[in-house]
$ cat start_16.txt   # compact mmCIF, C-alpha atoms
# COMPACT_ATOMS: atom_id res chain seq x y z
CA MET A 7 -2.04 -19.15 -8.02
CA ARG A 8 -3.72 -16.12 -9.54
CA ASP A 9 -7.04 -16.46 -11.37
CA ALA A 10 -6.76 -16.11 -15.17
CA ALA A 11 -9.64 -13.61 -15.03
CA ALA A 12 -7.81 -11.47 -12.44
CA PRO A 13 -7.69 -8.24 -14.52
CA ASN A 14 -11.47 -8.25 -15.07
CA LEU A 15 -12.18 -9.22 -11.45
CA ASN A 16 -9.93 -6.46 -10.13
CA GLN A 17 -11.61 -3.94 -12.42
CA ARG A 18 -15.04 -4.98 -11.14
CA ALA A 19 -13.85 -4.67 -7.54
CA ALA A 20 -12.46 -1.21 -8.26
CA ILE A 21 -15.72 -0.10 -9.88
CA ALA A 22 -17.63 -1.45 -6.88
CA SER A 23 -15.37 0.59 -4.58
CA VAL A 24 -15.90 3.81 -6.54
CA SER A 25 -19.66 3.20 -6.75
CA MET A 26 -19.89 2.54 -3.01
CA ALA A 27 -17.94 5.71 -2.20
CA THR A 28 -20.29 7.73 -4.42
CA VAL A 29 -23.42 6.36 -2.73
CA LEU A 30 -21.97 6.84 0.77
CA LEU A 31 -20.96 10.40 -0.10
CA GLY A 32 -24.56 11.35 -0.82
CA LEU A 33 -25.85 9.46 2.22
CA LYS A 34 -23.36 11.02 4.62
CA GLY A 35 -23.85 14.45 3.08
CA TYR A 36 -27.50 14.25 4.12
CA GLY A 37 -26.49 12.93 7.55
CA ALA A 38 -24.00 15.75 8.13
CA VAL A 39 -26.55 18.43 7.24
CA ALA A 40 -29.39 16.83 9.22
CA SER A 41 -27.37 16.08 12.34
CA ALA A 42 -25.00 19.08 12.39
CA SER A 43 -22.50 16.61 13.83
CA VAL A 44 -18.76 17.26 13.70
CA ALA A 45 -18.08 13.50 13.82
CA MET A 46 -20.52 13.00 10.94
CA LEU A 47 -18.79 15.81 9.04
CA ALA A 48 -15.47 14.06 9.58
CA SER A 49 -16.96 10.82 8.28
CA LEU A 50 -18.29 12.68 5.23
CA ALA A 51 -14.82 14.12 4.58
CA ASP A 52 -13.29 10.66 4.86
CA THR A 53 -15.77 9.28 2.32
CA LEU A 54 -15.04 12.16 -0.07
CA LEU A 55 -11.37 11.28 0.26
CA ASP A 56 -12.26 7.62 -0.32
CA LEU A 57 -13.84 8.55 -3.64
CA ILE A 58 -10.98 10.81 -4.73
CA ALA A 59 -8.40 8.29 -3.55
CA SER A 60 -10.13 5.46 -5.41
CA LEU A 61 -10.20 7.45 -8.64
CA VAL A 62 -6.60 8.64 -8.30
CA THR A 63 -5.42 5.16 -7.32
CA LEU A 64 -7.22 3.57 -10.27
CA TYR A 65 -5.49 6.00 -12.60
CA GLY A 66 -2.16 5.48 -10.87
CA VAL A 67 -2.50 1.69 -11.00
CA HIS A 68 -3.48 1.93 -14.68
CA ILE A 69 -0.33 3.92 -15.46
CA ALA A 70 1.82 1.68 -13.24
CA ALA A 71 0.61 -1.39 -15.14
CA GLN A 72 1.86 -0.04 -18.47
CA ARG A 73 4.84 -1.83 -19.97
CA ALA A 74 8.27 -0.23 -19.88
CA ASP A 75 8.92 2.03 -22.85
CA GLU A 76 11.80 4.01 -24.33
CA GLN A 77 11.30 6.86 -21.86
CA HIS A 78 10.65 4.65 -18.82
CA ARG A 79 12.95 1.64 -19.06
CA PHE A 80 12.18 0.52 -15.50
CA GLY A 81 8.42 0.72 -16.00
CA HIS A 82 5.85 3.09 -14.48
CA GLY A 83 5.46 1.59 -11.01
CA LYS A 84 6.22 4.84 -9.19
CA ALA A 85 2.97 6.30 -10.55
CA GLU A 86 1.30 4.54 -7.61
CA SER A 87 3.58 6.33 -5.15
CA LEU A 88 2.85 9.71 -6.76
CA ALA A 89 -0.88 8.96 -6.55
CA ALA A 90 -0.47 8.05 -2.88
CA LEU A 91 1.34 11.32 -2.15
CA PHE A 92 -1.49 13.26 -3.78
CA GLN A 93 -3.99 11.40 -1.60
CA THR A 94 -2.05 12.12 1.58
CA MET A 95 -2.01 15.83 0.84
CA LEU A 96 -5.81 15.78 0.56
CA ILE A 97 -6.15 13.73 3.74
CA ALA A 98 -3.81 16.02 5.69
CA ALA A 99 -5.68 19.14 4.59
CA SER A 100 -9.01 17.55 5.52
CA ALA A 101 -7.68 16.46 8.93
CA VAL A 102 -6.56 20.01 9.74
CA ALA A 103 -9.92 21.50 8.71
CA ILE A 104 -11.88 18.94 10.77
CA ALA A 105 -9.61 19.45 13.79
CA VAL A 106 -10.18 23.22 13.68
CA ARG A 107 -13.95 22.75 13.37
CA ALA A 108 -14.02 20.21 16.22
CA ALA A 109 -11.90 22.45 18.48
CA MET A 110 -14.24 25.39 17.88
CA ALA A 111 -17.30 23.27 18.66
CA LEU A 112 -15.58 21.89 21.77
CA VAL A 113 -14.85 25.37 23.11
CA GLU A 114 -18.30 26.69 22.25
CA GLY A 115 -20.08 23.55 23.49
CA THR A 116 -22.19 23.34 20.33
CA PRO A 117 -24.38 20.19 20.46
CA ALA A 118 -25.29 18.05 17.48
CA GLY A 119 -28.60 19.13 15.94
CA SER A 120 -30.24 15.77 15.25
CA PRO A 121 -28.12 12.85 16.47
CA GLU A 122 -30.71 10.30 15.31
CA ALA A 123 -30.14 11.16 11.64
CA GLY A 124 -26.41 10.73 12.00
CA ILE A 125 -26.83 7.40 13.81
CA ILE A 126 -29.17 5.98 11.16
CA VAL A 127 -26.94 7.12 8.29
CA SER A 128 -23.83 5.66 9.95
CA LEU A 129 -25.54 2.31 10.55
CA ILE A 130 -26.65 2.11 6.90
CA ALA A 131 -23.16 3.10 5.75
CA GLY A 132 -21.63 0.47 8.02
CA ALA A 133 -23.87 -2.28 6.63
CA ALA A 134 -23.03 -1.27 3.05
CA THR A 135 -19.31 -1.26 3.90
CA VAL A 136 -19.56 -4.78 5.35
CA ALA A 137 -21.09 -5.97 2.06
CA LEU A 138 -18.30 -4.32 0.04
CA LEU A 139 -15.63 -5.85 2.29
CA ALA A 140 -17.09 -9.33 1.76
CA TYR A 141 -17.01 -8.83 -2.02
CA GLN A 142 -13.45 -7.47 -1.96
CA ARG A 143 -12.30 -10.36 0.23
CA ALA A 144 -13.65 -12.85 -2.33
CA ILE A 145 -11.86 -11.03 -5.17
CA ILE A 146 -8.57 -10.85 -3.25
CA ALA A 147 -8.73 -14.60 -2.58
CA ARG A 148 -8.82 -15.21 -6.34
CA THR A 149 -6.48 -12.49 -7.64
CA GLN A 150 -4.11 -11.61 -4.74
CA SER A 151 -4.34 -8.02 -5.99
CA LEU A 152 -2.19 -5.59 -4.01
CA ALA A 153 -4.31 -2.61 -5.06
CA ILE A 154 -7.61 -4.20 -4.04
CA GLY A 155 -5.96 -5.44 -0.86
CA ALA A 156 -4.98 -1.89 0.07
CA ASP A 157 -8.50 -0.69 -0.69
CA TYR A 158 -9.85 -3.50 1.51
CA LEU A 159 -7.75 -2.30 4.45
CA HIS A 160 -8.94 1.27 3.88
CA TYR A 161 -12.60 0.26 4.01
CA GLN A 162 -11.95 -1.74 7.15
CA SER A 163 -10.87 1.51 8.79
CA ASP A 164 -13.93 3.23 7.32
CA LEU A 165 -16.09 0.65 9.10
CA ALA A 166 -14.42 1.58 12.39
CA LEU A 167 -15.03 5.26 11.59
CA ASN A 168 -18.77 4.67 11.15
CA ALA A 169 -18.85 2.89 14.50
CA ALA A 170 -17.07 5.84 16.13
CA VAL A 171 -19.69 8.25 14.81
CA VAL A 172 -22.50 6.10 16.18
CA VAL A 173 -20.83 5.89 19.61
CA ALA A 174 -20.22 9.65 19.70
CA LEU A 175 -23.83 10.52 18.87
CA LEU A 176 -25.23 7.92 21.27
CA LEU A 177 -23.10 9.34 24.10
CA GLU A 178 -24.24 12.87 23.32
CA ARG A 179 -27.93 12.01 22.87
CA TYR A 180 -28.50 9.43 25.61
CA ALA A 181 -25.59 9.64 28.07
CA GLY A 182 -25.60 13.40 28.50
CA PHE A 183 -21.99 13.83 27.30
CA ALA A 184 -22.57 17.20 25.63
CA ARG A 185 -19.18 17.41 23.92
CA ALA A 186 -18.84 13.78 22.83
CA ASP A 187 -19.45 14.67 19.18
CA SER A 188 -16.72 17.32 19.20
CA VAL A 189 -14.26 15.06 21.04
CA PHE A 190 -14.80 12.19 18.60
CA GLY A 191 -14.52 14.62 15.68
CA LEU A 192 -11.13 15.73 17.00
CA VAL A 193 -10.01 12.11 17.51
CA ILE A 194 -11.08 11.22 13.97
CA ALA A 195 -9.11 14.21 12.62
CA LEU A 196 -6.00 13.01 14.46
CA TRP A 197 -6.56 9.50 13.14
CA LEU A 198 -6.83 10.83 9.57
CA GLY A 199 -3.63 12.81 10.08
CA TRP A 200 -1.79 9.72 11.29
CA GLY A 201 -3.05 7.76 8.29
CA ALA A 202 -1.81 10.52 5.97
CA TRP A 203 1.64 10.42 7.57
CA THR A 204 1.84 6.63 7.32
CA SER A 205 0.81 6.62 3.65
CA ALA A 206 3.19 9.47 2.81
CA ARG A 207 6.10 7.68 4.47
CA THR A 208 5.45 4.51 2.44
CA ALA A 209 5.18 6.47 -0.81
CA ILE A 210 8.37 8.43 -0.09
CA ASP A 211 10.22 5.20 0.74
CA GLN A 212 9.34 3.85 -2.70
CA LEU A 213 10.25 7.07 -4.49
CA MET A 214 13.60 7.10 -2.67
CA ASP A 215 14.26 3.43 -3.54
CA ARG A 216 14.43 2.33 0.08
CA GLU A 217 15.75 -1.20 0.63
CA TRP A 218 13.31 -4.01 1.41
CA PRO A 219 12.55 -4.59 5.10
CA GLN A 220 15.06 -6.90 6.81
CA GLU A 221 12.45 -9.67 7.10
CA LYS A 222 11.90 -9.66 3.34
CA ARG A 223 15.63 -9.56 2.59
CA ARG A 224 16.17 -12.54 4.89
CA ALA A 225 13.34 -14.43 3.16
CA PHE A 226 15.02 -13.74 -0.18
CA LEU A 227 18.35 -15.03 1.15
CA ASP A 228 16.67 -18.11 2.62
CA VAL A 229 15.35 -19.03 -0.82
CA ALA A 230 18.72 -18.25 -2.42
CA ALA A 231 20.41 -20.60 0.05
CA THR A 232 18.36 -23.52 -1.31
CA ILE A 233 19.76 -23.09 -4.85
CA PRO A 234 22.81 -25.37 -5.25
CA ALA A 235 24.35 -23.34 -8.09
CA LEU A 236 24.28 -20.14 -6.05
CA ALA A 237 27.30 -20.62 -3.79
CA GLY A 238 27.52 -16.96 -2.86
CA MET A 239 26.53 -13.40 -3.67
CA HIS A 240 27.54 -9.87 -2.79
CA ASP A 241 26.30 -6.32 -3.26
CA LEU A 242 22.62 -7.28 -2.94
CA ARG A 243 20.44 -4.26 -3.67
CA THR A 244 16.65 -4.16 -3.51
CA ARG A 245 13.82 -1.71 -4.04
CA THR A 246 10.08 -1.54 -4.66
CA SER A 247 8.18 0.41 -7.30
CA GLY A 248 4.40 0.09 -7.04
CA ALA A 249 3.59 -3.61 -7.18
CA GLN A 250 6.93 -4.39 -8.83
CA GLU A 251 9.92 -5.65 -6.82
CA PHE A 252 13.51 -5.21 -7.99
CA ALA A 253 16.69 -6.97 -6.82
CA GLN A 254 20.22 -7.24 -8.13
CA PHE A 255 23.41 -8.86 -6.91
CA HIS A 256 26.83 -10.11 -8.02
CA MET A 257 27.41 -13.87 -8.31
CA PRO A 258 30.92 -15.44 -8.22
CA PHE A 259 32.12 -17.94 -10.85
CA PRO A 260 35.44 -19.72 -11.39
CA ALA A 261 37.60 -17.60 -13.71
CA GLU A 262 37.63 -20.32 -16.39
CA THR A 263 33.81 -20.46 -16.65
CA SER A 264 32.57 -19.66 -20.15
CA ILE A 265 30.07 -16.89 -20.77
CA GLY A 266 27.55 -19.42 -22.07
CA THR A 267 27.81 -21.62 -18.97
CA ALA A 268 27.55 -18.63 -16.62
CA HIS A 269 24.51 -17.40 -18.53
CA ASP A 270 22.74 -20.76 -18.23
CA VAL A 271 23.46 -20.97 -14.51
CA MET A 272 22.21 -17.43 -13.89
CA ASP A 273 19.04 -18.14 -15.88
CA ASP A 274 18.34 -21.12 -13.61
CA VAL A 275 19.00 -19.06 -10.46
CA GLU A 276 16.74 -16.28 -11.74
CA ALA A 277 13.91 -18.70 -12.55
CA ARG A 278 14.01 -20.19 -9.04
CA LEU A 279 14.03 -16.82 -7.31
CA VAL A 280 11.24 -15.40 -9.48
CA ALA A 281 9.16 -18.50 -8.79
CA ALA A 282 9.36 -17.65 -5.09
CA PHE A 283 8.86 -13.90 -5.65
CA PRO A 284 6.48 -13.61 -8.65
CA GLU A 285 6.58 -9.79 -8.86
CA LEU A 286 10.39 -9.73 -8.92
CA GLN A 287 12.59 -8.30 -11.66
CA LEU A 288 16.12 -9.60 -11.09
CA ILE A 289 19.53 -8.60 -12.42
CA ILE A 290 22.55 -10.87 -11.75
CA HIS A 291 26.09 -9.77 -12.51
CA PRO A 292 28.79 -12.48 -12.82
CA ASP A 293 32.15 -11.96 -11.09
CA PRO A 294 35.33 -14.09 -11.02
CA ILE A 295 35.72 -15.76 -7.62
CA GLY A 296 37.69 -13.53 -5.29
CA HIS A 297 36.98 -10.37 -7.26
CA VAL A 298 36.11 -7.31 -5.13
CA ASP A 299 34.55 -4.32 -6.88
CA GLN A 300 35.52 -1.80 -4.22
CA GLU A 301 37.05 -1.61 -0.79
CA GLY A 302 34.55 -2.51 1.92
CA ALA A 303 32.32 -4.53 -0.41
CA LEU A 304 29.64 -6.63 1.25
CA PRO A 305 30.40 -10.31 2.10
CA ALA A 306 30.38 -12.71 -0.82
CA THR A 307 28.64 -15.74 0.68
CA ILE A 308 24.98 -16.17 1.51
CA ALA A 309 25.87 -17.45 4.98
CA GLU A 310 27.87 -14.30 5.70
CA ARG A 311 25.06 -12.10 4.35
CA ARG A 312 22.68 -13.53 6.96
CA GLU A 313 24.84 -12.14 9.70
CA ILE A 314 24.27 -8.57 8.53
$ encode --input "start_16.txt" --output "structure tokens"
Amino acid sequence: MRDAAAPNLNQRAAIASVSMATVLLGLKGYGAVASASVAMLASLADTLLDLIASLVTLYGVHIAAQRADEQHRFGHGKAESLAALFQTMLIAASAVAIAVRAAMALVEGTPAGSPEAGIIVSLIAGAATVALLAYQRAIIARTQSLAIGADYLHYQSDLALNAAVVVALLLERYAGFARADSVFGLVIALWLGWGAWTSARTAIDQLMDREWPQEKRRAFLDVAATIPALAGMHDLRTRTSGAQEFAQFHMPFPAETSIGTAHDVMDDVEARLVAAFPELQLIIHPDPIGHVDQEGALPATIAERREI
């Protein structure tokens, strides 16, 4: 169950994230200048993106949380997807710039200027990130916030990035691997590019109203199968918009069923499904038993649906 103070807790966690990104930006900016490290530069770019992404995401989540209005009857959930697309464009551009810089340094064999500075900065940044992750984990346990959960995953990857910078500079400074910094900078750029592609694909899926994953659809049908009044369904359609889930289907009733009775039954079915999927908005359309809306319509029973 979610904590009653969830909105305030989530806001505090978001502010902590933005504050941490701001501090780390200044710290890594010094480290990048002092060390002349490509890997450190990549880490700095990632932190700058962290800050921008946090601000854009906060705004997107704020808009997405607004109630539906006359111009947006289905709510504003897709604002999160638009914010994510904006972030991925920034990440992709940064990844390309870092890759070019790393490739040039790799060809020229340019060593890092002061590896020690980069190592110290990365260790401090890593320790600060661990503290933020512990705080976010405590908030997520109380609020189950999707937005803070996504931010938590992002900072987990940032922790790995700091470790990569330390390893690169240690190899260059003490193991004699002269191009370790450039190689790790290139790897980090590729990693950022992959992250941009993954985020963009998720955002595009939501904007295009992609169906839920099969595992989630099956879980929905498993719950539906436990509801005695729901003897069957057809034309199940699902989509996701931000943190909001949408589903709709047709439910068969005997032809003699009154509108009032059908309405009461559908209310009960909806309450049970929403209890299992709290973020769900559900639309149920009643059909006379045996009615087929169009040729090739999907099977009418839950058991048959599971075979799809």
$ residues_around --input "start_16.txt" --residues "range 121-127 of chain A" --least-positions-apart "5" --cutoff "12 Å" --atoms "only C-alpha atoms" --output "JSON, numbers by chain"
{"A": [29, 30, 31, 32, 33, 34, 35, 36, 37, 38, 39, 40, 41, 42, 43, 44, 45, 46, 47, 48, 49, 50, 132, 133, 134, 168, 169, 170, 171, 172, 173, 174, 175, 176, 177, 178, 179, 180, 184, 186, 187]}
$ residues_around --input "start_16.txt" --residues "Ala105 in chain A" --least-positions-apart "6" --cutoff "8 Å" --atoms "only C-alpha atoms" --output "MDAnalysis selection string"
chainID A and resid 191:192 195:196
$ atom_distance --input "start_16.txt" --atom1 "CA of Asp241 in chain A" --atom2 "CA of Pro284 in chain A"
21.8 Å
$ atom_distance --input "start_16.txt" --atom1 "CA of Phe190 in chain A" --atom2 "CA of Ala27 in chain A"
22.0 Å
$ residues_around --input "start_16.txt" --residues "range 242-246 of chain A" --least-positions-apart "3" --cutoff "6 Å" --atoms "all atoms listed in the file" --output "PyMOL selection string"
chain A and resi 212+215-218+250-255
$ atom_distance --input "start_16.txt" --atom1 "CA of Ser60 in chain A" --atom2 "CA of Val102 in chain A"
21.3 Å
$ closest_residue --input "start_16.txt" --among "A:Met110, A:Leu54, A:Leu88, A:Ala237" --to "Arg207 in chain A" --atoms "only C-alpha atoms"
A:Leu88
$ closest_residue --input "start_16.txt" --among "A:Ile290, A:Ala99, A:Leu138, A:Ile145" --to "Phe259 in chain A" --atoms "all atoms listed in the file"
A:Ile290
